[in-house]
$ cat final-v4.pdb   # PDB, C-alpha atoms
MODEL        1
ATOM      1  CA  MET A 310      64.029  90.436  20.219  1.00  0.00           C
ATOM      2  CA  TYR A 311      66.759  89.169  22.561  1.00  0.00           C
ATOM      3  CA  LYS A 312      68.751  85.936  22.528  1.00  0.00           C
ATOM      4  CA  ILE A 313      69.321  84.475  25.985  1.00  0.00           C
ATOM      5  CA  LEU A 314      70.871  81.345  27.451  1.00  0.00           C
ATOM      6  CA  MET A 315      69.104  79.534  30.301  1.00  0.00           C
ATOM      7  CA  VAL A 316      71.396  77.283  32.360  1.00  0.00           C
ATOM      8  CA  ASP A 317      69.828  74.908  34.904  1.00  0.00           C
ATOM      9  CA  ASP A 318      69.983  71.185  35.639  1.00  0.00           C
ATOM     10  CA  ASP A 319      66.267  71.066  36.491  1.00  0.00           C
ATOM     11  CA  PRO A 320      64.394  70.249  33.247  1.00  0.00           C
ATOM     12  CA  MET A 321      61.109  71.589  34.636  1.00  0.00           C
ATOM     13  CA  ILE A 322      62.635  74.997  35.371  1.00  0.00           C
ATOM     14  CA  LEU A 323      64.260  75.096  31.941  1.00  0.00           C
ATOM     15  CA  ASN A 324      61.001  74.199  30.255  1.00  0.00           C
ATOM     16  CA  ASP A 325      58.955  76.756  32.213  1.00  0.00           C
ATOM     17  CA  ASN A 326      61.501  79.507  31.561  1.00  0.00           C
ATOM     18  CA  LYS A 327      61.812  78.689  27.870  1.00  0.00           C
ATOM     19  CA  THR A 328      58.048  78.532  27.370  1.00  0.00           C
ATOM     20  CA  TYR A 329      57.526  81.903  29.061  1.00  0.00           C
ATOM     21  CA  PHE A 330      60.315  83.780  27.298  1.00  0.00           C
ATOM     22  CA  CYS A 331      59.644  82.302  23.864  1.00  0.00           C
ATOM     23  CA  ALA A 332      56.001  83.380  24.214  1.00  0.00           C
ATOM     24  CA  ILE A 333      57.066  87.021  24.617  1.00  0.00           C
ATOM     25  CA  GLY A 334      59.457  86.956  21.689  1.00  0.00           C
ATOM     26  CA  TYR A 335      62.824  85.894  23.071  1.00  0.00           C
ATOM     27  CA  GLU A 336      65.091  83.381  21.397  1.00  0.00           C
ATOM     28  CA  VAL A 337      66.030  80.914  24.125  1.00  0.00           C
ATOM     29  CA  ILE A 338      68.900  78.419  24.217  1.00  0.00           C
ATOM     30  CA  CYS A 339      69.031  75.935  27.102  1.00  0.00           C
ATOM     31  CA  ALA A 340      71.909  74.095  28.780  1.00  0.00           C
ATOM     32  CA  ASP A 341      71.827  71.699  31.716  1.00  0.00           C
ATOM     33  CA  SER A 342      75.519  71.795  32.649  1.00  0.00           C
ATOM     34  CA  ALA A 343      78.321  74.325  33.028  1.00  0.00           C
ATOM     35  CA  GLN A 344      80.405  72.656  30.335  1.00  0.00           C
ATOM     36  CA  ALA A 345      77.599  72.880  27.779  1.00  0.00           C
ATOM     37  CA  ALA A 346      76.881  76.475  28.797  1.00  0.00           C
ATOM     38  CA  GLU A 347      80.505  77.534  28.380  1.00  0.00           C
ATOM     39  CA  LYS A 348      80.622  76.206  24.809  1.00  0.00           C
ATOM     40  CA  ILE A 349      77.409  78.043  23.928  1.00  0.00           C
ATOM     41  CA  ILE A 350      78.559  81.303  25.531  1.00  0.00           C
ATOM     42  CA  LEU A 351      81.846  81.308  23.640  1.00  0.00           C
ATOM     43  CA  SER A 352      80.329  80.422  20.274  1.00  0.00           C
ATOM     44  CA  ASN A 353      77.082  82.443  20.158  1.00  0.00           C
ATOM     45  CA  ALA A 354      76.054  86.090  20.096  1.00  0.00           C
ATOM     46  CA  LEU A 355      73.943  86.302  23.248  1.00  0.00           C
ATOM     47  CA  ASP A 356      72.269  89.166  25.074  1.00  0.00           C
ATOM     48  CA  CYS A 357      72.129  87.617  28.552  1.00  0.00           C
ATOM     49  CA  VAL A 358      72.815  84.418  30.528  1.00  0.00           C
ATOM     50  CA  VAL A 359      70.485  83.206  33.280  1.00  0.00           C
ATOM     51  CA  LEU A 360      72.735  80.966  35.341  1.00  0.00           C
ATOM     52  CA  ASP A 361      71.784  78.513  38.076  1.00  0.00           C
ATOM     53  CA  VAL A 362      74.306  78.397  40.913  1.00  0.00           C
ATOM     54  CA  ASP A 363      73.975  74.652  41.634  1.00  0.00           C
ATOM     55  CA  LEU A 364      75.068  72.720  38.546  1.00  0.00           C
ATOM     56  CA  PRO A 365      76.243  69.095  38.431  1.00  0.00           C
ATOM     57  CA  ASP A 366      79.711  69.584  36.946  1.00  0.00           C
ATOM     58  CA  MET A 367      80.717  73.049  38.161  1.00  0.00           C
ATOM     59  CA  SER A 368      79.009  75.731  40.223  1.00  0.00           C
ATOM     60  CA  GLY A 369      77.544  78.732  38.480  1.00  0.00           C
ATOM     61  CA  PHE A 370      79.992  80.878  40.472  1.00  0.00           C
ATOM     62  CA  GLU A 371      82.947  78.934  39.064  1.00  0.00           C
ATOM     63  CA  LEU A 372      81.621  79.200  35.529  1.00  0.00           C
ATOM     64  CA  CYS A 373      81.104  82.948  35.919  1.00  0.00           C
ATOM     65  CA  GLU A 374      84.695  83.414  37.084  1.00  0.00           C
ATOM     66  CA  LYS A 375      85.944  81.291  34.206  1.00  0.00           C
ATOM     67  CA  ILE A 376      84.193  83.229  31.449  1.00  0.00           C
ATOM     68  CA  ARG A 377      84.321  86.745  32.894  1.00  0.00           C
ATOM     69  CA  SER A 378      87.767  87.425  31.443  1.00  0.00           C
ATOM     70  CA  LYS A 379      86.430  86.538  27.988  1.00  0.00           C
ATOM     71  CA  THR A 380      83.059  88.287  27.862  1.00  0.00           C
ATOM     72  CA  GLY A 381      81.150  91.152  29.420  1.00  0.00           C
ATOM     73  CA  LEU A 382      77.839  89.404  28.733  1.00  0.00           C
ATOM     74  CA  PRO A 383      75.212  90.168  31.433  1.00  0.00           C
ATOM     75  CA  ILE A 384      74.865  87.268  33.883  1.00  0.00           C
ATOM     76  CA  VAL A 385      71.819  86.857  36.127  1.00  0.00           C
ATOM     77  CA  PHE A 386      72.237  84.205  38.817  1.00  0.00           C
ATOM     78  CA  LEU A 387      69.362  81.979  39.940  1.00  0.00           C
ATOM     79  CA  SER A 388      69.730  80.251  43.277  1.00  0.00           C
ATOM     80  CA  GLY A 389      67.831  78.688  46.126  1.00  0.00           C
ATOM     81  CA  CYS A 390      70.467  80.147  48.483  1.00  0.00           C
ATOM     82  CA  THR A 391      69.098  83.391  49.884  1.00  0.00           C
ATOM     83  CA  GLU A 392      71.911  84.235  52.328  1.00  0.00           C
ATOM     84  CA  GLU A 393      73.574  87.619  51.868  1.00  0.00           C
ATOM     85  CA  GLU A 394      76.987  85.914  51.647  1.00  0.00           C
ATOM     86  CA  ASN A 395      75.946  84.044  48.499  1.00  0.00           C
ATOM     87  CA  ARG A 396      74.449  87.126  46.880  1.00  0.00           C
ATOM     88  CA  ILE A 397      77.593  89.116  47.589  1.00  0.00           C
ATOM     89  CA  ARG A 398      79.786  86.356  46.193  1.00  0.00           C
ATOM     90  CA  GLY A 399      77.736  86.177  42.998  1.00  0.00           C
ATOM     91  CA  LEU A 400      78.042  89.916  42.429  1.00  0.00           C
ATOM     92  CA  SER A 401      81.687  90.133  43.502  1.00  0.00           C
ATOM     93  CA  ILE A 402      82.872  87.630  40.882  1.00  0.00           C
ATOM     94  CA  GLY A 403      81.189  89.416  37.999  1.00  0.00           C
ATOM     95  CA  GLY A 404      77.482  88.590  38.143  1.00  0.00           C
ATOM     96  CA  ASP A 405      75.117  91.419  37.243  1.00  0.00           C
ATOM     97  CA  ASP A 406      72.093  90.329  39.282  1.00  0.00           C
ATOM     98  CA  TYR A 407      71.016  87.617  41.710  1.00  0.00           C
ATOM     99  CA  VAL A 408      67.483  86.194  41.782  1.00  0.00           C
ATOM    100  CA  CYS A 409      66.420  83.835  44.553  1.00  0.00           C
ATOM    101  CA  LYS A 410      64.231  80.777  43.950  1.00  0.00           C
ATOM    102  CA  PRO A 411      61.270  80.569  43.935  1.00  0.00           C
ATOM    103  CA  TYR A 412      60.847  83.589  41.703  1.00  0.00           C
ATOM    104  CA  SER A 413      58.282  85.309  39.531  1.00  0.00           C
ATOM    105  CA  LEU A 414      58.830  84.857  35.803  1.00  0.00           C
ATOM    106  CA  LYS A 415      57.669  88.435  35.283  1.00  0.00           C
ATOM    107  CA  GLU A 416      60.247  89.696  37.767  1.00  0.00           C
ATOM    108  CA  LEU A 417      62.937  87.643  36.041  1.00  0.00           C
ATOM    109  CA  GLU A 418      61.870  89.138  32.706  1.00  0.00           C
ATOM    110  CA  LEU A 419      62.180  92.681  34.065  1.00  0.00           C
ATOM    111  CA  ARG A 420      65.562  92.005  35.612  1.00  0.00           C
ATOM    112  CA  ILE A 421      66.883  90.529  32.360  1.00  0.00           C
ATOM    113  CA  GLN A 422      65.563  93.488  30.368  1.00  0.00           C
ATOM    114  CA  ALA A 423      67.171  95.932  32.797  1.00  0.00           C
ATOM    115  CA  ARG A 424      70.568  94.240  32.564  1.00  0.00           C
ATOM    116  CA  ILE A 425      70.497  94.044  28.773  1.00  0.00           C
ATOM    117  CA  ARG A 426      69.414  97.654  28.355  1.00  0.00           C
ATOM    118  CA  SER A 427      71.871  99.061  30.878  1.00  0.00           C
ATOM    119  CA  GLY A 428      74.683  97.172  29.194  1.00  0.00           C
ATOM    120  CA  ARG A 429      73.756  98.496  25.755  1.00  0.00           C
ATOM    121  CA  ALA A 430      73.092 102.054  26.866  1.00  0.00           C
ATOM    122  CA  ALA A 431      76.192 102.536  28.977  1.00  0.00           C
ATOM    123  CA  GLU A 432      79.209 104.220  27.461  1.00  0.00           C
ATOM    124  CA  PRO A 433      82.367 102.124  27.659  1.00  0.00           C
ATOM    125  CA  PRO A 434      84.198 103.310  30.784  1.00  0.00           C
ATOM    126  CA  LYS A 435      87.497 105.048  30.118  1.00  0.00           C
ATOM    127  CA  THR A 436      90.950 104.214  31.411  1.00  0.00           C
ATOM    128  CA  LEU A 437      91.902 106.467  34.327  1.00  0.00           C
ATOM    129  CA  THR A 438      95.508 107.592  34.711  1.00  0.00           C
ATOM    130  CA  TYR A 439      97.090 109.307  37.687  1.00  0.00           C
ATOM    131  CA  GLY A 440     100.824 109.663  37.244  1.00  0.00           C
ATOM    132  CA  SER A 441     102.280 106.159  36.919  1.00  0.00           C
ATOM    133  CA  LEU A 442      99.020 104.520  38.004  1.00  0.00           C
ATOM    134  CA  SER A 443      96.579 103.396  35.296  1.00  0.00           C
ATOM    135  CA  ILE A 444      93.159 101.854  35.945  1.00  0.00           C
ATOM    136  CA  TYR A 445      91.764  99.710  33.106  1.00  0.00           C
ATOM    137  CA  PRO A 446      87.996  98.994  33.193  1.00  0.00           C
ATOM    138  CA  ALA A 447      88.120  96.684  30.166  1.00  0.00           C
ATOM    139  CA  SER A 448      90.226  94.145  32.067  1.00  0.00           C
ATOM    140  CA  CYS A 449      89.455  95.110  35.698  1.00  0.00           C
ATOM    141  CA  SER A 450      93.150  95.641  36.261  1.00  0.00           C
ATOM    142  CA  VAL A 451      95.545  98.310  37.497  1.00  0.00           C
ATOM    143  CA  SER A 452      99.152  98.926  36.533  1.00  0.00           C
ATOM    144  CA  TYR A 453     101.884 100.927  38.185  1.00  0.00           C
ATOM    145  CA  GLU A 454     105.049 101.265  36.114  1.00  0.00           C
ATOM    146  CA  ALA A 455     106.005  97.658  35.257  1.00  0.00           C
ATOM    147  CA  ARG A 456     103.756  96.019  37.870  1.00  0.00           C
ATOM    148  CA  SER A 457     100.066  95.143  37.576  1.00  0.00           C
ATOM    149  CA  ALA A 458      97.220  93.618  39.590  1.00  0.00           C
ATOM    150  CA  ASP A 459      93.861  92.095  38.679  1.00  0.00           C
ATOM    151  CA  PHE A 460      90.705  92.898  40.606  1.00  0.00           C
ATOM    152  CA  SER A 461      87.395  91.116  40.977  1.00  0.00           C
ATOM    153  CA  SER A 462      84.400  92.899  39.482  1.00  0.00           C
ATOM    154  CA  TYR A 463      83.162  93.906  42.936  1.00  0.00           C
ATOM    155  CA  GLU A 464      86.573  95.284  43.977  1.00  0.00           C
ATOM    156  CA  PHE A 465      87.097  97.089  40.700  1.00  0.00           C
ATOM    157  CA  ASP A 466      83.671  98.752  40.747  1.00  0.00           C
ATOM    158  CA  VAL A 467      84.470 100.346  44.103  1.00  0.00           C
ATOM    159  CA  LEU A 468      87.979 101.387  43.098  1.00  0.00           C
ATOM    160  CA  TYR A 469      86.834 102.848  39.779  1.00  0.00           C
ATOM    161  CA  PHE A 470      84.026 104.806  41.406  1.00  0.00           C
ATOM    162  CA  LEU A 471      86.361 106.398  43.957  1.00  0.00           C
ATOM    163  CA  ALA A 472      89.091 107.040  41.361  1.00  0.00           C
ATOM    164  CA  LYS A 473      86.592 108.882  39.147  1.00  0.00           C
ATOM    165  CA  HIS A 474      86.095 111.318  42.042  1.00  0.00           C
ATOM    166  CA  PRO A 475      89.607 111.883  43.446  1.00  0.00           C
ATOM    167  CA  ASN A 476      89.960 113.470  46.879  1.00  0.00           C
ATOM    168  CA  GLU A 477      86.206 113.266  47.538  1.00  0.00           C
ATOM    169  CA  ILE A 478      85.065 111.433  50.671  1.00  0.00           C
ATOM    170  CA  TYR A 479      82.212 108.927  50.326  1.00  0.00           C
ATOM    171  CA  THR A 480      80.444 107.179  53.174  1.00  0.00           C
ATOM    172  CA  PRO A 481      79.846 103.406  52.922  1.00  0.00           C
ATOM    173  CA  GLU A 482      76.169 104.163  52.335  1.00  0.00           C
ATOM    174  CA  GLN A 483      76.980 106.465  49.422  1.00  0.00           C
ATOM    175  CA  ILE A 484      79.310 103.883  47.876  1.00  0.00           C
ATOM    176  CA  TYR A 485      76.682 101.158  48.064  1.00  0.00           C
ATOM    177  CA  ASP A 486      74.021 103.405  46.604  1.00  0.00           C
ATOM    178  CA  SER A 487      76.247 104.735  43.801  1.00  0.00           C
ATOM    179  CA  VAL A 488      78.048 101.534  42.809  1.00  0.00           C
ATOM    180  CA  TRP A 489      75.412  98.850  43.320  1.00  0.00           C
ATOM    181  CA  LYS A 490      72.206 100.939  43.394  1.00  0.00           C
ATOM    182  CA  ALA A 491      71.192  99.255  46.640  1.00  0.00           C
ATOM    183  CA  PRO A 492      70.912 100.192  50.324  1.00  0.00           C
ATOM    184  CA  ILE A 493      73.811  99.049  52.469  1.00  0.00           C
ATOM    185  CA  ASN A 494      71.692  97.129  55.041  1.00  0.00           C
ATOM    186  CA  LYS A 495      74.082  94.562  56.566  1.00  0.00           C
ATOM    187  CA  GLY A 496      76.780  95.025  53.949  1.00  0.00           C
ATOM    188  CA  GLN A 497      79.107  97.434  55.781  1.00  0.00           C
ATOM    189  CA  LYS A 498      81.372  94.639  57.011  1.00  0.00           C
ATOM    190  CA  SER A 499      81.539  93.217  53.483  1.00  0.00           C
ATOM    191  CA  LEU A 500      82.549  96.636  52.150  1.00  0.00           C
ATOM    192  CA  GLN A 501      85.327  96.824  54.733  1.00  0.00           C
ATOM    193  CA  VAL A 502      86.636  93.476  53.498  1.00  0.00           C
ATOM    194  CA  ILE A 503      86.495  94.656  49.886  1.00  0.00           C
ATOM    195  CA  MET A 504      88.355  97.857  50.781  1.00  0.00           C
ATOM    196  CA  GLY A 505      91.026  95.811  52.515  1.00  0.00           C
ATOM    197  CA  ARG A 506      91.549  93.698  49.409  1.00  0.00           C
ATOM    198  CA  ILE A 507      91.733  96.761  47.163  1.00  0.00           C
ATOM    199  CA  ARG A 508      94.308  98.430  49.388  1.00  0.00           C
ATOM    200  CA  LYS A 509      96.463  95.319  49.591  1.00  0.00           C
ATOM    201  CA  LYS A 510      96.517  94.863  45.799  1.00  0.00           C
ATOM    202  CA  LEU A 511      97.416  98.507  45.291  1.00  0.00           C
ATOM    203  CA  TYR A 512     100.109  98.278  47.964  1.00  0.00           C
ATOM    204  CA  ASP A 513     101.620  95.218  46.257  1.00  0.00           C
ATOM    205  CA  ILE A 514     102.254  97.187  43.068  1.00  0.00           C
ATOM    206  CA  CYS A 515     102.850 100.593  44.658  1.00  0.00           C
ATOM    207  CA  PRO A 516     103.956 100.404  48.309  1.00  0.00           C
ATOM    208  CA  ASP A 517     105.060 104.053  48.390  1.00  0.00           C
ATOM    209  CA  HIS A 518     101.610 105.628  48.251  1.00  0.00           C
ATOM    210  CA  ASP A 519      98.272 104.903  49.937  1.00  0.00           C
ATOM    211  CA  TYR A 520      95.720 105.510  47.163  1.00  0.00           C
ATOM    212  CA  ILE A 521      92.655 104.450  49.150  1.00  0.00           C
ATOM    213  CA  GLN A 522      92.459 106.321  52.431  1.00  0.00           C
ATOM    214  CA  THR A 523      89.996 106.220  55.308  1.00  0.00           C
ATOM    215  CA  LYS A 524      88.687 109.247  57.134  1.00  0.00           C
ATOM    216  CA  ARG A 525      87.468 108.085  60.511  1.00  0.00           C
ATOM    217  CA  TYR A 526      83.706 108.428  60.991  1.00  0.00           C
ATOM    218  CA  LYS A 527      83.436 109.900  57.477  1.00  0.00           C
ATOM    219  CA  GLY A 528      84.276 107.355  54.800  1.00  0.00           C
ATOM    220  CA  TYR A 529      86.735 106.541  52.039  1.00  0.00           C
ATOM    221  CA  LEU A 530      88.505 108.517  49.333  1.00  0.00           C
ATOM    222  CA  PHE A 531      90.938 108.020  46.462  1.00  0.00           C
ATOM    223  CA  VAL A 532      94.053 110.190  46.788  1.00  0.00           C
ATOM    224  CA  PRO A 533      96.295 110.489  43.688  1.00  0.00           C
ATOM    225  CA  ASP A 534     100.018 110.658  44.311  1.00  0.00           C
ATOM    226  CA  ARG A 535     101.840 113.965  44.006  1.00  0.00           C
ATOM    227  CA  GLU A 536     103.024 113.154  40.457  1.00  0.00           C
ATOM    228  CA  ALA A 537      99.463 112.794  39.129  1.00  0.00           C
TER     229      ALA A 537
ENDMDL
END

$ encode --input "final-v4.pdb" --output "structure tokens"
Amino acid sequence: MYKILMVDDDPMILNDNKTYFCAIGYEVICADSAQAAEKIILSNALDCVVLDVDLPDMSGFELCEKIRSKTGLPIVFLSGCTEEENRIRGLSIGGDDYVCKPYSLKELELRIQARIRSGRAAEPPKTLTYGSLSIYPASCSVSYEARSADFSSYEFDVLYFLAKHPNEIYTPEQIYDSVWKAPINKGQKSLQVIMGRIRKKLYDICPDHDYIQTKRYKGYLFVPDREA
């Protein structure tokens, strides 16, 4: 069926997860450190990684950031940290889902299946070009003439969504629902921070045009320059 990597330094959790997923037909590889996980990820054809945040040699967040430039493999974080800040960080650096401990093995199974299937079913996103500005989904980067900037997965998802719908205004609630398929809840301040980072990176490579604009009391929009 699917080949997945379970990464956790708790042998009981690894054993329980492996027993459950093997029983339903998965091929399961286990690792108890970030270093071991990285070697497996870069040398095996995997369908998904289930990654503990608290590892002895490197945090799961650090490992995710390290490998994200090399693979688009779905990553599901496991963590005992339930705070919104940690969930947002996990998703902003390239994680695809975040499951809090303790968790249901059935729920974990469904989340893994959803991430694998959505990754396989989705068409590869296309490069967007507006005049001298090009937006590259394969590398989460943007170039303007000879200058370029890299974006985190969270930042890029927002930018790409708005750029696909130029000159259309979206409320924060609509952005959350469309990009992350989740209600905004307490995340409006986090979205403001993300927007600020996007605008600064775009300004650094193209200070002559404000691509991301804010309409007070309405929302955000992507505005191509006049040459587009």

$ resolve_selection --input "final-v4.pdb" --expression "the PyMOL selection byres ((chain A and resi 361-369) around 10)" --output "ChimeraX atom specification"
/A:315-319,341-346,358-360,370-375,385-390,395,399,404,407-410

$ atom_distance --input "final-v4.pdb" --atom1 "atom CA of Asp517 of chain A" --atom2 "atom CA of Pro434 of chain A"
27.3 Å

$ atom_distance --input "final-v4.pdb" --atom1 "atom CA of Tyr329 of chain A" --atom2 "atom CA of Cys357 of chain A"
15.7 Å

$ atom_distance --input "final-v4.pdb" --atom1 "atom CA of Leu400 of chain A" --atom2 "atom CA of Tyr463 of chain A"
6.5 Å

$ axis_aligned_box --input "final-v4.pdb" --around "segment 344-357 of chain A" --padding-each-side "4 Å" --output "lines of an AutoDock Vina configuration file"
center_x = 77.0
center_y = 80.9
center_z = 25.2
size_x = 17.7
size_y = 24.5
size_z = 18.2

$ decode --input "final-v4.pdb" --residues "segment 400-419 of chain A" --atoms "N, CA, C and O atoms" --output "mmCIF file, in the first residue's frame"
data_model
loop_
_atom_site.group_PDB
_atom_site.id
_atom_site.type_symbol
_atom_site.label_atom_id
_atom_site.label_comp_id
_atom_site.auth_asym_id
_atom_site.auth_seq_id
_atom_site.Cartn_x
_atom_site.Cartn_y
_atom_site.Cartn_z
ATOM 1 N N LEU A 400 3.418 24.340 10.393
ATOM 2 C CA LEU A 400 2.850 24.491 9.056
ATOM 3 C C LEU A 400 3.610 25.529 8.241
ATOM 4 O O LEU A 400 3.769 25.380 7.026
ATOM 5 N N SER A 401 4.110 26.575 8.901
ATOM 6 C CA SER A 401 4.779 27.649 8.167
ATOM 7 C C SER A 401 6.126 27.232 7.600
ATOM 8 O O SER A 401 6.600 27.817 6.634
ATOM 9 N N ILE A 402 6.760 26.218 8.175
ATOM 10 C CA ILE A 402 8.077 25.801 7.676
ATOM 11 C C ILE A 402 7.970 24.640 6.690
ATOM 12 O O ILE A 402 8.987 24.105 6.254
ATOM 13 N N GLY A 403 6.753 24.252 6.340
ATOM 14 C CA GLY A 403 6.616 23.230 5.312
ATOM 15 C C GLY A 403 5.907 21.967 5.721
ATOM 16 O O GLY A 403 5.751 21.047 4.915
ATOM 17 N N GLY A 404 5.464 21.870 6.997
ATOM 18 C CA GLY A 404 4.695 20.706 7.407
ATOM 19 C C GLY A 404 3.319 20.708 6.761
ATOM 20 O O GLY A 404 2.778 21.769 6.434
ATOM 21 N N ASP A 405 2.763 19.522 6.548
ATOM 22 C CA ASP A 405 1.464 19.413 5.893
ATOM 23 C C ASP A 405 0.316 19.230 6.879
ATOM 24 O O ASP A 405 -0.839 19.480 6.539
ATOM 25 N N ASP A 406 0.641 18.772 8.096
ATOM 26 C CA ASP A 406 -0.401 18.583 9.106
ATOM 27 C C ASP A 406 0.286 18.554 10.467
ATOM 28 O O ASP A 406 1.511 18.380 10.565
ATOM 29 N N TYR A 407 -0.512 18.720 11.510
ATOM 30 C CA TYR A 407 0.016 18.785 12.874
ATOM 31 C C TYR A 407 -0.959 18.059 13.789
ATOM 32 O O TYR A 407 -2.114 18.484 13.933
ATOM 33 N N VAL A 408 -0.513 16.962 14.383
ATOM 34 C CA VAL A 408 -1.358 16.140 15.248
ATOM 35 C C VAL A 408 -0.828 16.222 16.671
ATOM 36 O O VAL A 408 0.362 15.992 16.911
ATOM 37 N N CYS A 409 -1.695 16.550 17.599
ATOM 38 C CA CYS A 409 -1.278 16.700 18.997
ATOM 39 C C CYS A 409 -1.389 15.377 19.750
ATOM 40 O O CYS A 409 -2.348 14.619 19.568
ATOM 41 N N LYS A 410 -0.396 15.106 20.613
ATOM 42 C CA LYS A 410 -0.436 13.946 21.489
ATOM 43 C C LYS A 410 -1.250 14.282 22.728
ATOM 44 O O LYS A 410 -1.184 15.413 23.212
ATOM 45 N N PRO A 411 -1.985 13.329 23.292
ATOM 46 C CA PRO A 411 -2.241 11.975 22.782
ATOM 47 C C PRO A 411 -3.191 12.023 21.601
ATOM 48 O O PRO A 411 -3.981 12.966 21.462
ATOM 49 N N TYR A 412 -3.127 11.024 20.740
ATOM 50 C CA TYR A 412 -3.919 11.044 19.525
ATOM 51 C C TYR A 412 -4.511 9.660 19.268
ATOM 52 O O TYR A 412 -4.046 8.646 19.800
ATOM 53 N N SER A 413 -5.514 9.647 18.430
ATOM 54 C CA SER A 413 -6.133 8.389 18.008
ATOM 55 C C SER A 413 -5.371 7.850 16.804
ATOM 56 O O SER A 413 -5.098 8.588 15.855
ATOM 57 N N LEU A 414 -5.018 6.574 16.834
ATOM 58 C CA LEU A 414 -4.328 5.974 15.703
ATOM 59 C C LEU A 414 -5.197 6.006 14.446
ATOM 60 O O LEU A 414 -4.689 6.171 13.336
ATOM 61 N N LYS A 415 -6.494 5.872 14.611
ATOM 62 C CA LYS A 415 -7.395 5.946 13.465
ATOM 63 C C LYS A 415 -7.376 7.343 12.863
ATOM 64 O O LYS A 415 -7.358 7.502 11.635
ATOM 65 N N GLU A 416 -7.382 8.364 13.719
ATOM 66 C CA GLU A 416 -7.318 9.732 13.211
ATOM 67 C C GLU A 416 -6.000 9.959 12.476
ATOM 68 O O GLU A 416 -5.965 10.569 11.403
ATOM 69 N N LEU A 417 -4.908 9.471 13.055
ATOM 70 C CA LEU A 417 -3.608 9.616 12.403
ATOM 71 C C LEU A 417 -3.620 8.933 11.035
ATOM 72 O O LEU A 417 -3.101 9.478 10.054
ATOM 73 N N GLU A 418 -4.212 7.751 10.979
ATOM 74 C CA GLU A 418 -4.325 7.033 9.701
ATOM 75 C C GLU A 418 -5.057 7.877 8.660
ATOM 76 O O GLU A 418 -4.606 8.000 7.506
ATOM 77 N N LEU A 419 -6.181 8.471 9.047
ATOM 78 C CA LEU A 419 -6.970 9.263 8.111
ATOM 79 C C LEU A 419 -6.232 10.517 7.664
ATOM 80 O O LEU A 419 -6.312 10.916 6.490
#
